[in-house]
2 protein chains.
Amino acid sequence: MALGKDYSTQQCSIARALEIVGERWTLLVVRDAFYGVRRYNDFLSHLGVPRAVLATRLKSLEQAGILEKRRYQESPPRDEYVLTERGIALWPVVRSLGVWGREHIEGVLPMRVFTHAACGTELGSYGECPACGTAVPPRDVEMLPGRGLDPDPDNPVGRALLAPRRLLLPIETDRV
Amino acid sequence: MALGKDYSTQQCSIARALEIVGERWTLLVVRDAFYGVRRYNDFLSHLGVPRAVLATRLKSLEQAGILEKRRYQESPPRDEYVLTERGIALWPVVRSLGVWGREHIEGVLPMRVFTHAACGTELGSYGECPACGTAVPPRDVEMLPGRGLDPDPDNPVGRALLAPRRLLLPIETDRV
DNA sequence: CATGGTGAGTTCGTTCATTGAACCTTCAGC
DNA sequence: GCTGAAGGTTCAATGAACGAACTCACCATG
């Protein structure tokens, strides 16, 4: 989306939301953050986004209070990007997009399956648990690889995401 | 989003979905379609989108099977754009974006309030009816103007959206 | 001490999309 | 025959995205 990105004529919270998360790549960065990606280079290799664009998006997500940049080692100084509560609140958006893509684009097989970790039930369209009848917070969501997933063995992040995992827990990349 | 729009490296239904609805303006067109906007000029004046962009978006939404172009009069031939079932299935996406925008962007007041028409209860964050405990399909949703709405008296579409309305029913613009 | 490698960026020229204004077309009504 | 409305298309200018190359700070190795 353009950086002349304001839908300024719009009296609408949807438009306000899209000004922040509606730019190209932004929601995919957020998705990866849910998957446990936290480091610049991991986002880079998993998304295939140009470096300059990634840097811009991380910066604006941080300014919007969706990601928090935190130092995880001094010397050399290294930061990781973690979802804030405001970022975690985007889960229904990410989830409903994924459901729609799977159900309404032809030829899309389930790539990843999301279940309520407590009971093992697959989540509904908004990320709720049909069995328990409650909204499942992302921390209680288990992600499993689906039938449609055709992994890229060359990508360490992709490899790490093959195992069942809790959302938001940091990935362990067995870097080569 | 760029028309070099493929997130081609992404094995992911979210990425597939964003290839279709992730471009600039697209989701706002869909939102307006939920609100009952159907005509080219109404989209144009309500969105403030450049004409060329609107034409492109309507075309790609039609190709994606989200909007259907249907003739509503011959001579002069006039078409309207209506959401298909696949388009209506985007409601959770639109709804969750609106909820997030209202709750997580500072200074955003509720612009529009959505209730379950059958019982009058305001929808929950997931688009469900808290009273009835069921997901409410868009056709059963009533939209009312909210406190934060500051209407533009010059816009016929904006005026039409001031009255309480069912989603998806066509607006009546008292064109001047 | 020189060399190489890694993580996290920035710079830069090219390509591509968005913008806004102007123009075009078909028809209806007067 | 003129005017106006609806629904577009065309065009030049601007602004983002892209991808490759470069920077910089630090650590490890010989």
# chains A, B, ... in the order shown; residues from 1 in each chain; ligands from 1
call {"tool": "closest_atom_pairs", "arguments": {"of": "chain A", "to": "chain C", "cutoff": "8 Å", "atoms": "only C-alpha atoms (C1' of nucleotides)", "output": "tab-separated table"}}
result
residue	atom	partner	partner_atom	distance
A:Ala2	CA	C:DT18	C1'	7.4
A:Tyr40	CA	C:DA8	C1'	6.9
A:Asn41	CA	C:DG7	C1'	7.3
A:Ala52	CA	C:DT10	C1'	7.8
A:Ala55	CA	C:DG9	C1'	7.5
A:Arg78	CA	C:DG7	C1'	7.6
call {"tool": "select_by_dssp", "arguments": {"residues": "chain B", "states": "strand (DSSP E)", "output": "JSON, numbers by chain"}}
result
{"B": [67, 68, 69, 70, 71, 72, 73, 78, 79, 80, 81, 82, 83, 112, 113, 114, 115, 116, 128, 129, 134, 135, 141, 142, 143, 144, 145, 165, 166]}
call {"tool": "interface_residues", "arguments": {"of": "chain D", "to": "chain A", "cutoff": "10 Å", "atoms": "only C-alpha atoms (C1' of nucleotides)", "output": "list in words"}}
result
DG15, DA16, DA17, DC18, DG19, DA25, DC26 and DC27 of chain D
call {"tool": "interface_residues", "arguments": {"of": "chain A", "to": "chain B", "cutoff": "7 Å", "atoms": "only C-alpha atoms", "output": "ChimeraX atom specification"}}
result
/A:1,9-14,16-17,22-24,47-48,86,89-90,92-93,96-98,100-102,104,108,111,126,149
call {"tool": "write_last_selection", "arguments": {"atoms": "N, CA and C atoms", "output": "compact mmCIF listing (two decimals), in the first residue's frame"}}
result
# COMPACT_ATOMS: atom_id res chain seq x y z
N MET A 1 0.84 -1.19 0.00
CA MET A 1 0.00 0.00 0.00
C MET A 1 0.87 1.24 0.00
N THR A 9 -10.41 10.01 3.82
CA THR A 9 -11.82 10.39 3.75
C THR A 9 -12.70 9.41 4.52
N GLN A 10 -12.12 8.29 4.94
CA GLN A 10 -12.94 7.23 5.51
C GLN A 10 -13.19 7.41 6.99
N GLN A 11 -14.44 7.54 7.34
CA GLN A 11 -14.87 7.57 8.73
C GLN A 11 -15.11 6.15 9.15
N CYS A 12 -14.04 5.40 9.43
CA CYS A 12 -14.29 3.98 9.55
C CYS A 12 -13.13 3.30 10.24
N SER A 13 -13.43 2.46 11.22
CA SER A 13 -12.35 1.82 11.95
C SER A 13 -11.67 0.74 11.10
N ILE A 14 -12.37 0.24 10.09
CA ILE A 14 -11.73 -0.70 9.18
C ILE A 14 -10.64 0.00 8.39
N ARG A 16 -9.09 2.73 9.31
CA ARG A 16 -8.00 3.04 10.25
C ARG A 16 -7.11 1.82 10.43
N ALA A 17 -7.71 0.66 10.58
CA ALA A 17 -6.93 -0.56 10.76
C ALA A 17 -6.08 -0.85 9.53
N GLY A 22 -2.54 -2.73 6.50
CA GLY A 22 -2.99 -3.05 5.16
C GLY A 22 -1.91 -2.95 4.09
N GLU A 23 -0.70 -2.56 4.48
CA GLU A 23 0.33 -2.45 3.46
C GLU A 23 0.84 -3.83 3.06
N ARG A 24 1.39 -3.86 1.88
CA ARG A 24 1.97 -5.09 1.38
C ARG A 24 2.96 -5.64 2.39
N LEU A 47 10.04 -15.00 4.41
CA LEU A 47 9.08 -14.23 3.62
C LEU A 47 9.55 -13.98 2.20
N GLY A 48 10.86 -13.89 2.01
CA GLY A 48 11.34 -13.51 0.70
C GLY A 48 11.06 -12.06 0.37
N ARG A 86 -1.37 -5.73 21.74
CA ARG A 86 -2.09 -5.16 20.61
C ARG A 86 -1.86 -5.98 19.35
N ALA A 89 -3.76 -9.19 19.50
CA ALA A 89 -5.18 -8.96 19.24
C ALA A 89 -5.52 -9.04 17.76
N LEU A 90 -4.50 -9.09 16.91
CA LEU A 90 -4.75 -9.24 15.48
C LEU A 90 -5.03 -10.68 15.08
N PRO A 92 -7.57 -12.73 15.35
CA PRO A 92 -8.78 -13.03 14.58
C PRO A 92 -8.67 -12.60 13.12
N VAL A 93 -7.97 -11.51 12.87
CA VAL A 93 -7.80 -11.05 11.49
C VAL A 93 -6.98 -12.08 10.69
N SER A 96 -9.00 -15.39 10.32
CA SER A 96 -10.13 -15.39 9.40
C SER A 96 -9.66 -15.28 7.95
N LEU A 97 -8.55 -14.59 7.73
CA LEU A 97 -7.98 -14.56 6.37
C LEU A 97 -7.55 -15.95 5.94
N GLY A 98 -6.90 -16.66 6.85
CA GLY A 98 -6.45 -18.01 6.52
C GLY A 98 -7.60 -18.94 6.22
N TRP A 100 -10.60 -18.12 5.17
CA TRP A 100 -11.22 -17.74 3.90
C TRP A 100 -10.37 -18.25 2.73
N GLY A 101 -9.05 -18.06 2.83
CA GLY A 101 -8.17 -18.51 1.75
C GLY A 101 -8.29 -20.01 1.53
N ARG A 102 -8.35 -20.75 2.60
CA ARG A 102 -8.42 -22.20 2.47
C ARG A 102 -9.75 -22.64 1.88
N HIS A 104 -12.06 -20.74 0.16
CA HIS A 104 -12.66 -20.05 -0.98
C HIS A 104 -11.72 -19.78 -2.14
N VAL A 108 -6.57 -24.65 -3.00
CA VAL A 108 -5.78 -24.45 -1.80
C VAL A 108 -6.11 -25.54 -0.78
N MET A 111 -2.76 -25.78 4.67
CA MET A 111 -1.31 -25.79 4.84
C MET A 111 -0.95 -26.04 6.29
N TYR A 126 -13.34 -17.84 13.35
CA TYR A 126 -12.83 -16.66 14.03
C TYR A 126 -11.75 -17.02 15.02
N LEU A 149 0.92 -28.77 2.78
CA LEU A 149 2.23 -28.16 3.01
C LEU A 149 3.33 -28.94 2.31
call {"tool": "select_by_dssp", "arguments": {"residues": "segment 107-172 of chain A", "states": "alpha helix (DSSP H)", "output": "ChimeraX atom specification"}}
result
/A:156-160
call {"tool": "write_last_selection", "arguments": {"atoms": "N, CA and C atoms", "output": "PDB file, in the first residue's frame"}}
result
ATOM      1  N   PRO A 156      15.587 -22.762   6.911  1.00  0.00           N
ATOM      2  CA  PRO A 156      15.602 -23.183   8.318  1.00  0.00           C
ATOM      3  C   PRO A 156      14.315 -22.835   9.052  1.00  0.00           C
ATOM      4  N   VAL A 157      13.718 -21.704   8.709  1.00  0.00           N
ATOM      5  CA  VAL A 157      12.474 -21.336   9.380  1.00  0.00           C
ATOM      6  C   VAL A 157      11.366 -22.297   8.970  1.00  0.00           C
ATOM      7  N   GLY A 158      11.272 -22.547   7.665  1.00  0.00           N
ATOM      8  CA  GLY A 158      10.300 -23.508   7.187  1.00  0.00           C
ATOM      9  C   GLY A 158      10.464 -24.868   7.855  1.00  0.00           C
ATOM     10  N   ARG A 159      11.706 -25.296   8.016  1.00  0.00           N
ATOM     11  CA  ARG A 159      11.949 -26.585   8.688  1.00  0.00           C
ATOM     12  C   ARG A 159      11.461 -26.572  10.128  1.00  0.00           C
ATOM     13  N   ALA A 160      11.744 -25.454  10.809  1.00  0.00           N
ATOM     14  CA  ALA A 160      11.336 -25.370  12.216  1.00  0.00           C
ATOM     15  C   ALA A 160       9.817 -25.404  12.358  1.00  0.00           C
TER      16      ALA A 160
END
call {"tool": "atom_distance", "arguments": {"atom1": "atom CA of Asp154 of chain B", "atom2": "atom C1' of DG4 of chain D"}}
result
19.7 Å
call {"tool": "atom_distance", "arguments": {"atom1": "atom CA of Glu68 of chain B", "atom2": "atom CA of Tyr35 of chain B"}}
result
15.7 Å
call {"tool": "atom_distance", "arguments": {"atom1": "atom CA of Pro137 of chain B", "atom2": "atom CA of Ala118 of chain B"}}
result
11.4 Å
call {"tool": "residues_around", "arguments": {"residues": "Leu168 of chain B", "least_positions_apart": "4", "cutoff": "12 Å", "atoms": "only C-alpha atoms (C1' of nucleotides)", "output": "list in words"}}
result
Val30, Arg31, Asp32, Ala33, Phe34, Tyr35, Gly36, Val37, Arg38, Tyr81, Val82, Leu83, Thr84, Glu85, Gly87, Ile88, Trp91, Pro137, Pro138, Arg139, Asp140, Val141, Glu142, Met143 and Leu161 of chain B
call {"tool": "write_last_selection", "arguments": {"atoms": "N, CA, C and O atoms", "output": "compact mmCIF listing (two decimals), in the first residue's frame"}}
result
# COMPACT_ATOMS: atom_id res chain seq x y z
N VAL B 30 -14.92 -4.10 -0.65
CA VAL B 30 -15.73 -5.20 -0.11
C VAL B 30 -16.58 -4.71 1.06
O VAL B 30 -17.77 -5.02 1.17
N ARG B 31 -15.98 -3.92 1.94
CA ARG B 31 -16.74 -3.36 3.06
C ARG B 31 -17.95 -2.59 2.55
O ARG B 31 -19.08 -2.82 3.00
N ASP B 32 -17.72 -1.71 1.56
CA ASP B 32 -18.85 -0.94 1.04
C ASP B 32 -19.91 -1.85 0.43
O ASP B 32 -21.11 -1.57 0.52
N ALA B 33 -19.47 -2.93 -0.18
CA ALA B 33 -20.44 -3.87 -0.73
C ALA B 33 -21.30 -4.48 0.38
O ALA B 33 -22.51 -4.65 0.22
N PHE B 34 -20.70 -4.77 1.52
CA PHE B 34 -21.49 -5.23 2.66
C PHE B 34 -22.49 -4.17 3.10
O PHE B 34 -23.61 -4.47 3.49
N TYR B 35 -22.07 -2.92 3.02
CA TYR B 35 -22.95 -1.84 3.44
C TYR B 35 -24.08 -1.60 2.45
O TYR B 35 -24.98 -0.83 2.72
N GLY B 36 -24.01 -2.21 1.29
CA GLY B 36 -25.09 -2.07 0.33
C GLY B 36 -24.76 -1.23 -0.88
O GLY B 36 -25.60 -0.99 -1.74
N VAL B 37 -23.50 -0.79 -0.98
CA VAL B 37 -23.09 -0.04 -2.16
C VAL B 37 -22.95 -1.01 -3.33
O VAL B 37 -22.42 -2.11 -3.16
N ARG B 38 -23.46 -0.61 -4.49
CA ARG B 38 -23.43 -1.52 -5.64
C ARG B 38 -22.98 -0.86 -6.93
O ARG B 38 -22.62 -1.56 -7.88
N TYR B 81 -22.57 -4.19 -8.94
CA TYR B 81 -21.65 -5.19 -8.42
C TYR B 81 -22.17 -5.68 -7.07
O TYR B 81 -22.37 -4.89 -6.15
N VAL B 82 -22.40 -6.98 -7.00
CA VAL B 82 -22.99 -7.55 -5.80
C VAL B 82 -22.07 -8.64 -5.27
O VAL B 82 -21.45 -9.37 -6.03
N LEU B 83 -22.02 -8.76 -3.95
CA LEU B 83 -21.19 -9.81 -3.35
C LEU B 83 -21.75 -11.18 -3.66
O LEU B 83 -22.95 -11.42 -3.57
N THR B 84 -20.89 -12.09 -4.03
CA THR B 84 -21.27 -13.50 -4.16
C THR B 84 -21.17 -14.17 -2.79
O THR B 84 -20.80 -13.55 -1.81
N GLU B 85 -21.49 -15.45 -2.74
CA GLU B 85 -21.33 -16.17 -1.48
C GLU B 85 -19.87 -16.14 -1.03
O GLU B 85 -19.58 -16.00 0.15
N GLY B 87 -17.80 -13.82 -1.61
CA GLY B 87 -17.55 -12.49 -1.08
C GLY B 87 -18.15 -12.34 0.30
O GLY B 87 -17.52 -11.76 1.21
N ILE B 88 -19.35 -12.85 0.49
CA ILE B 88 -20.01 -12.75 1.80
C ILE B 88 -19.20 -13.49 2.85
O ILE B 88 -19.17 -13.10 4.02
N TRP B 91 -16.91 -11.76 5.43
CA TRP B 91 -17.42 -10.99 6.56
C TRP B 91 -16.55 -11.11 7.82
O TRP B 91 -16.24 -10.08 8.44
N PRO B 137 -24.96 -14.62 10.43
CA PRO B 137 -24.62 -14.36 9.02
C PRO B 137 -24.90 -12.89 8.69
O PRO B 137 -25.83 -12.31 9.25
N PRO B 138 -24.11 -12.30 7.79
CA PRO B 138 -24.21 -10.88 7.48
C PRO B 138 -25.62 -10.42 7.15
O PRO B 138 -25.99 -9.29 7.48
N ARG B 139 -26.40 -11.30 6.51
CA ARG B 139 -27.77 -10.88 6.16
C ARG B 139 -28.62 -10.61 7.39
O ARG B 139 -29.63 -9.90 7.30
N ASP B 140 -28.24 -11.17 8.52
CA ASP B 140 -29.01 -10.97 9.75
C ASP B 140 -28.39 -9.91 10.64
O ASP B 140 -28.74 -9.81 11.81
N VAL B 141 -27.46 -9.14 10.06
CA VAL B 141 -26.81 -8.12 10.86
C VAL B 141 -27.42 -6.76 10.55
O VAL B 141 -27.64 -6.41 9.39
N GLU B 142 -27.73 -6.04 11.61
CA GLU B 142 -28.24 -4.67 11.47
C GLU B 142 -27.11 -3.70 11.79
O GLU B 142 -26.39 -3.89 12.77
N MET B 143 -26.94 -2.70 10.94
CA MET B 143 -25.87 -1.73 11.15
C MET B 143 -26.48 -0.39 11.56
O MET B 143 -27.39 0.11 10.92
N LEU B 161 -26.17 5.90 4.61
CA LEU B 161 -25.69 4.96 5.63
C LEU B 161 -25.89 5.49 7.04
O LEU B 161 -25.41 4.91 8.00
call {"tool": "decode", "arguments": {"residues": "segment 140-163 of chain B", "atoms": "C-alpha atoms", "output": "compact mmCIF listing (two decimals), in the first residue's frame"}}
result
# COMPACT_ATOMS: atom_id res chain seq x y z
CA ASP B 140 -29.01 -10.97 9.75
CA VAL B 141 -26.81 -8.12 10.86
CA GLU B 142 -28.24 -4.67 11.47
CA MET B 143 -25.87 -1.73 11.15
CA LEU B 144 -26.44 1.48 13.11
CA PRO B 145 -24.48 4.70 13.19
CA GLY B 146 -22.15 4.97 16.19
CA ARG B 147 -21.04 7.84 18.41
CA GLY B 148 -17.83 8.46 16.48
CA LEU B 149 -19.52 8.96 13.16
CA ASP B 150 -19.28 12.50 11.85
CA PRO B 151 -21.26 12.41 8.64
CA ASP B 152 -20.39 14.19 5.46
CA PRO B 153 -23.64 15.83 4.36
CA ASP B 154 -22.32 16.24 0.82
CA ASN B 155 -22.07 12.54 0.15
CA PRO B 156 -25.28 10.75 -0.84
CA VAL B 157 -23.86 7.35 0.10
CA GLY B 158 -22.75 8.63 3.48
CA ARG B 159 -26.22 10.06 4.03
CA ALA B 160 -27.88 6.80 3.11
CA LEU B 161 -25.69 4.96 5.63
CA LEU B 162 -26.90 7.10 8.52
CA ALA B 163 -30.13 5.19 8.92
